[in-house]
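Worksheet: one structure, shown below.
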Amino acid sequence: MAKILMIVSAADHVRLTDGTDHPTGFWAEELAESHRVLLAAGHTVDVATPDGVRPTVDAVSLDERGGVDPAEGARFRAYLESIDAQLSSPLKLSAVSAADYDALYLPGGHGPMTDLAFDAETGRLLKEADAQGKIIGALCHGLAALLSARKEDGSFAFAGRSMTSFSDAEEMQGGTGDKSPFFVESRLREEGATVTTAAPWSDQVVVDGNLITGQNPQSSVSTADRVNAALA
């Protein structure tokens, strides 16, 4: 079975355009469901964050404030509690190598817009994995982390690649709206990616070679399933 590195944001807020800090972190469904599906396939899943900081779950991703059914929120919470030992002591991104893994997986939540999008170690791992043909799975706002991958000339390492992400429409409907520090879909497109998004809140996965991307929390299981299929 494969060995997967799940790269998770360590941020607990995102700075909005009005200068206020909006509490955030990782989105519960995206980490919990993806981890569950990957682990159920028999893979080993390690969790790593910048500096090995314990990641913070976005509180609204566990209840109705985030459009999450209470029963589902309870299920996600229970799963996160079941892997608490792993979440409480994540690996440091600076201490791991893509060569030791068969795949990288990046769940979202607004957290990656604060740290992973600008993190040199995240960029290093993404470029290493891509150069080695390793599977890269990214989900929702986790696509912001791809922005950290830069070539020597500063250009976007994933320019020209096909992908999806949390859409601008979704950000306006159920995200941070016009106060968002940037819109992931638009930023990726500006950097040269070919971004395809489906109707808001629909299950959408785009596969481009070793790059597997999901649009939103509703795409969590499908994205993990496609990673599993690619690793089979």
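A note on labels: chains of the structure tokens are A, B, ... as shown, every chain counts residues from 1, and ligands are counted from 1 in their shown order.
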
Using only C-alpha atoms, what table do you get, as a Markdown table, when you list each residue of segment 28-120 of chain A with an atom no more than 10 Å from segment 132-155 of chain A, its nearest pair of atoms, and their distance in Å rounded to one decimal, rows by chain then rising number?
```
| residue | atom | partner | partner_atom | distance |
| --- | --- | --- | --- | --- |
| A:Glu30 | CA | A:Leu139 | CA | 7.4 |
| A:Leu31 | CA | A:Leu139 | CA | 9.4 |
| A:Ser34 | CA | A:Leu139 | CA | 9.4 |
| A:Ala98 | CA | A:Lys134 | CA | 8.1 |
| A:Ala99 | CA | A:Gln132 | CA | 7.7 |
| A:Tyr101 | CA | A:Lys134 | CA | 7.8 |
| A:Asp102 | CA | A:Lys134 | CA | 5.6 |
| A:Ala103 | CA | A:Ile135 | CA | 4.5 |
| A:Leu104 | CA | A:Ile136 | CA | 4.9 |
| A:Tyr105 | CA | A:Gly137 | CA | 4.5 |
| A:Leu106 | CA | A:Ala138 | CA | 4.5 |
| A:Pro107 | CA | A:Gly142 | CA | 5.0 |
| A:Gly108 | CA | A:Gly142 | CA | 3.9 |
| A:Gly109 | CA | A:His141 | CA | 5.6 |
| A:His110 | CA | A:His141 | CA | 6.0 |
| A:Gly111 | CA | A:His141 | CA | 8.0 |
| A:Pro112 | CA | A:Ala145 | CA | 5.9 |
| A:Met113 | CA | A:Ala144 | CA | 5.9 |
| A:Thr114 | CA | A:Ala144 | CA | 9.2 |
| A:Asp115 | CA | A:Ala145 | CA | 8.1 |
| A:Leu116 | CA | A:Ala145 | CA | 4.8 |
| A:Ala117 | CA | A:Ala145 | CA | 4.1 |
| A:Phe118 | CA | A:Ser148 | CA | 5.0 |
| A:Asp119 | CA | A:Ser148 | CA | 5.9 |
| A:Ala120 | CA | A:Ser148 | CA | 6.4 |
```

ask   = What are the DSSP strand (DSSP E or B) residues of segment 73-204 of chain A, as a PyMOL selection string?
value = chain A and resi 91-92+103-106+135-139+150+156+162-163+194-195

Could you write out the selected residues, including all heavy atoms, as a CSV table (one decimal), in the first residue's frame?
```
chain,number,residue,atom,x,y,z
A,91,LEU,N,4.1,16.1,11.7
A,91,LEU,CA,5.4,16.3,11.3
A,91,LEU,C,5.7,17.7,10.9
A,91,LEU,O,4.7,18.4,10.5
A,91,LEU,CB,5.7,15.3,10.1
A,91,LEU,CG,5.5,13.8,10.3
A,91,LEU,CD1,5.6,13.1,9.0
A,91,LEU,CD2,6.4,13.3,11.3
A,92,LYS,N,6.9,18.1,10.9
A,92,LYS,CA,7.3,19.4,10.3
A,92,LYS,C,7.5,19.3,8.8
A,92,LYS,O,8.2,18.4,8.4
A,92,LYS,CB,8.6,19.9,11.0
A,92,LYS,CG,8.5,20.2,12.5
A,92,LYS,CD,9.8,20.8,13.0
A,92,LYS,CE,9.7,21.1,14.5
A,92,LYS,NZ,11.0,21.7,15.0
A,103,ALA,N,2.3,10.0,-2.5
A,103,ALA,CA,1.3,11.0,-2.8
A,103,ALA,C,1.4,12.1,-1.8
A,103,ALA,O,1.7,11.9,-0.6
A,103,ALA,CB,-0.1,10.5,-2.9
A,104,LEU,N,1.0,13.3,-2.2
A,104,LEU,CA,0.7,14.4,-1.3
A,104,LEU,C,-0.8,14.7,-1.4
A,104,LEU,O,-1.4,14.6,-2.4
A,104,LEU,CB,1.5,15.7,-1.7
A,104,LEU,CG,3.0,15.6,-1.8
A,104,LEU,CD1,3.6,17.0,-2.2
A,104,LEU,CD2,3.7,15.0,-0.6
A,105,TYR,N,-1.4,15.2,-0.3
A,105,TYR,CA,-2.8,15.5,-0.2
A,105,TYR,C,-3.0,16.7,0.6
A,105,TYR,O,-2.5,16.8,1.7
A,105,TYR,CB,-3.6,14.3,0.3
A,105,TYR,CG,-5.1,14.4,0.1
A,105,TYR,CD1,-5.6,13.6,-1.0
A,105,TYR,CD2,-5.9,15.1,0.8
A,105,TYR,CE1,-7.0,13.7,-1.2
A,105,TYR,CE2,-7.3,15.2,0.6
A,105,TYR,CZ,-7.8,14.5,-0.5
A,105,TYR,OH,-9.2,14.5,-0.7
A,106,LEU,N,-3.7,17.7,0.0
A,106,LEU,CA,-3.9,19.0,0.7
A,106,LEU,C,-5.3,19.4,0.8
A,106,LEU,O,-6.0,19.8,-0.1
A,106,LEU,CB,-3.2,20.1,-0.1
A,106,LEU,CG,-1.7,19.9,-0.4
A,106,LEU,CD1,-1.4,19.3,-1.7
A,106,LEU,CD2,-0.9,21.2,-0.2
A,135,ILE,N,1.7,11.4,-7.1
A,135,ILE,CA,0.3,12.0,-7.1
A,135,ILE,C,0.2,13.2,-6.2
A,135,ILE,O,0.7,13.2,-5.0
A,135,ILE,CB,-0.7,10.9,-6.6
A,135,ILE,CG1,-0.7,9.7,-7.6
A,135,ILE,CG2,-2.1,11.4,-6.5
A,135,ILE,CD1,-1.0,10.0,-9.0
A,136,ILE,N,-0.5,14.2,-6.6
A,136,ILE,CA,-0.8,15.4,-5.8
A,136,ILE,C,-2.3,15.6,-5.8
A,136,ILE,O,-2.9,15.9,-6.9
A,136,ILE,CB,-0.1,16.7,-6.4
A,136,ILE,CG1,1.5,16.5,-6.4
A,136,ILE,CG2,-0.5,17.9,-5.6
A,136,ILE,CD1,2.2,17.6,-7.1
A,137,GLY,N,-2.9,15.4,-4.6
A,137,GLY,CA,-4.3,15.7,-4.5
A,137,GLY,C,-4.5,17.0,-3.7
A,137,GLY,O,-3.9,17.2,-2.7
A,138,ALA,N,-5.4,17.8,-4.2
A,138,ALA,CA,-5.7,19.1,-3.5
A,138,ALA,C,-7.2,19.4,-3.6
A,138,ALA,O,-7.8,19.1,-4.6
A,138,ALA,CB,-4.9,20.2,-4.1
A,139,LEU,N,-7.7,20.0,-2.5
A,139,LEU,CA,-9.1,20.1,-2.4
A,139,LEU,C,-9.5,21.5,-1.9
A,139,LEU,O,-8.9,22.0,-1.0
A,139,LEU,CB,-9.6,19.0,-1.3
A,139,LEU,CG,-11.0,18.9,-1.0
A,139,LEU,CD1,-11.8,18.5,-2.2
A,139,LEU,CD2,-11.2,17.8,0.1
A,150,ARG,N,7.0,27.6,-7.0
A,150,ARG,CA,7.5,28.6,-8.0
A,150,ARG,C,8.8,28.1,-8.6
A,150,ARG,O,9.6,27.5,-8.0
A,150,ARG,CB,7.8,29.9,-7.2
A,150,ARG,CG,6.6,30.6,-6.6
A,150,ARG,CD,5.8,31.3,-7.6
A,150,ARG,NE,4.4,31.5,-7.2
A,150,ARG,CZ,3.5,32.2,-7.9
A,150,ARG,NH1,3.8,32.6,-9.1
A,150,ARG,NH2,2.3,32.3,-7.4
A,156,PHE,N,4.8,30.4,-11.8
A,156,PHE,CA,3.9,29.4,-11.2
A,156,PHE,C,4.3,28.0,-11.7
A,156,PHE,O,4.2,27.8,-13.0
A,156,PHE,CB,2.5,29.7,-11.4
A,156,PHE,CG,1.5,28.8,-10.7
A,156,PHE,CD1,1.7,28.3,-9.5
A,156,PHE,CD2,0.3,28.5,-11.4
A,156,PHE,CE1,0.8,27.5,-8.8
A,156,PHE,CE2,-0.6,27.6,-10.8
A,156,PHE,CZ,-0.4,27.1,-9.5
A,162,SER,N,-4.5,21.7,-15.8
A,162,SER,CA,-5.9,21.8,-15.6
A,162,SER,C,-6.2,21.4,-14.1
A,162,SER,O,-5.7,20.4,-13.6
A,162,SER,CB,-6.6,20.8,-16.5
A,162,SER,OG,-6.4,21.2,-17.9
A,163,MET,N,-7.2,22.1,-13.5
A,163,MET,CA,-7.5,21.9,-12.1
A,163,MET,C,-8.9,22.5,-11.8
A,163,MET,O,-9.4,23.3,-12.7
A,163,MET,CB,-6.5,22.5,-11.2
A,163,MET,CG,-6.2,24.0,-11.4
A,163,MET,SD,-4.8,24.6,-10.4
A,163,MET,CE,-3.4,23.9,-11.4
A,194,THR,N,-5.4,26.4,-15.9
A,194,THR,CA,-6.7,26.2,-16.6
A,194,THR,C,-7.7,25.7,-15.5
A,194,THR,O,-7.6,24.5,-15.1
A,194,THR,CB,-6.6,25.2,-17.8
A,194,THR,OG1,-5.7,25.7,-18.7
A,194,THR,CG2,-8.0,25.0,-18.4
A,195,VAL,N,-8.5,26.6,-15.0
A,195,VAL,CA,-9.4,26.2,-13.9
A,195,VAL,C,-10.8,26.0,-14.4
A,195,VAL,O,-11.4,26.9,-15.1
A,195,VAL,CB,-9.4,27.3,-12.9
A,195,VAL,CG1,-10.2,26.9,-11.6
A,195,VAL,CG2,-8.0,27.7,-12.4
```

task = Using backbone DSSP assignments, extract all helix (DSSP H, G or I) residues from segment 97-203 of chain A; output them as a PyMOL selection string.
result = chain A and resi 98-100+111-113+116-118+120-131+140-148+168-174+177-179+184-190

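Taking atom CA of Gly25 of chain A and atom CA of Arg124 of chain A as endpoints, the distance between them is 22.0 Å.
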
Excluding Thr24 of chain A and any residue of its chain fewer than 2 positions from it, enumerate the residues within 8 Å of it, using only C-alpha atoms, and give them as a short mmCIF file (atom, residue, chain, number, x, y, z; two decimals) with C-alpha atoms, in the first residue's frame.
```cif
data_model
loop_
_atom_site.label_atom_id
_atom_site.label_comp_id
_atom_site.auth_asym_id
_atom_site.auth_seq_id
_atom_site.Cartn_x
_atom_site.Cartn_y
_atom_site.Cartn_z
CA ALA A 11 -3.23 28.87 10.50
CA ASP A 12 -6.11 29.73 12.81
CA HIS A 13 -7.20 32.92 11.04
CA VAL A 14 -7.24 34.66 7.69
CA HIS A 22 -11.46 35.92 10.50
CA PHE A 26 -8.86 23.41 8.17
CA THR A 56 -6.92 24.10 14.09
CA VAL A 57 -10.30 22.92 12.88
CA ASP A 58 -12.56 25.71 11.63
CA ALA A 59 -15.37 25.69 14.21
CA GLY A 109 -10.47 25.48 4.78
CA HIS A 110 -9.41 29.12 4.54
CA GLY A 111 -6.23 28.35 6.51
#
```

inquiry  = Considering only C-alpha atoms, can you say which of A:Val207, A:Asp84, A:Lys127, A:Trp27 comes closest to Ser61 of chain A?
reply    = A:Trp27

query = Taking into account only C-alpha atoms, which residue in the set A:Glu128, A:Glu185, A:Glu190, A:Glu64 is nearest to Gly214 of chain A?
reply =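 Among the listed residues, A:Glu185 lies closest to Gly214 of chain A.
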
task = May I ask which of the residues A:Pro55, A:Pro181, A:Pro200, A:Pro70 is the closest one to Leu87 of chain A, counting only C-alpha atoms?
result =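 Under the stated criterion, the closest residue is A:Pro55.
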
key: Arg54 of chain A environment, 8 Å, only C-alpha atoms, sequence neighbours closer than 6 positions dropped, as a ChimeraX atom specification   = /A:10,87-90

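Excluding Asp46 of chain A and any residue on its chain fewer than 4 positions from it, the residues at most 7 Å away by only C-alpha atoms are Ile4, Leu5 and Met6 of chain A.
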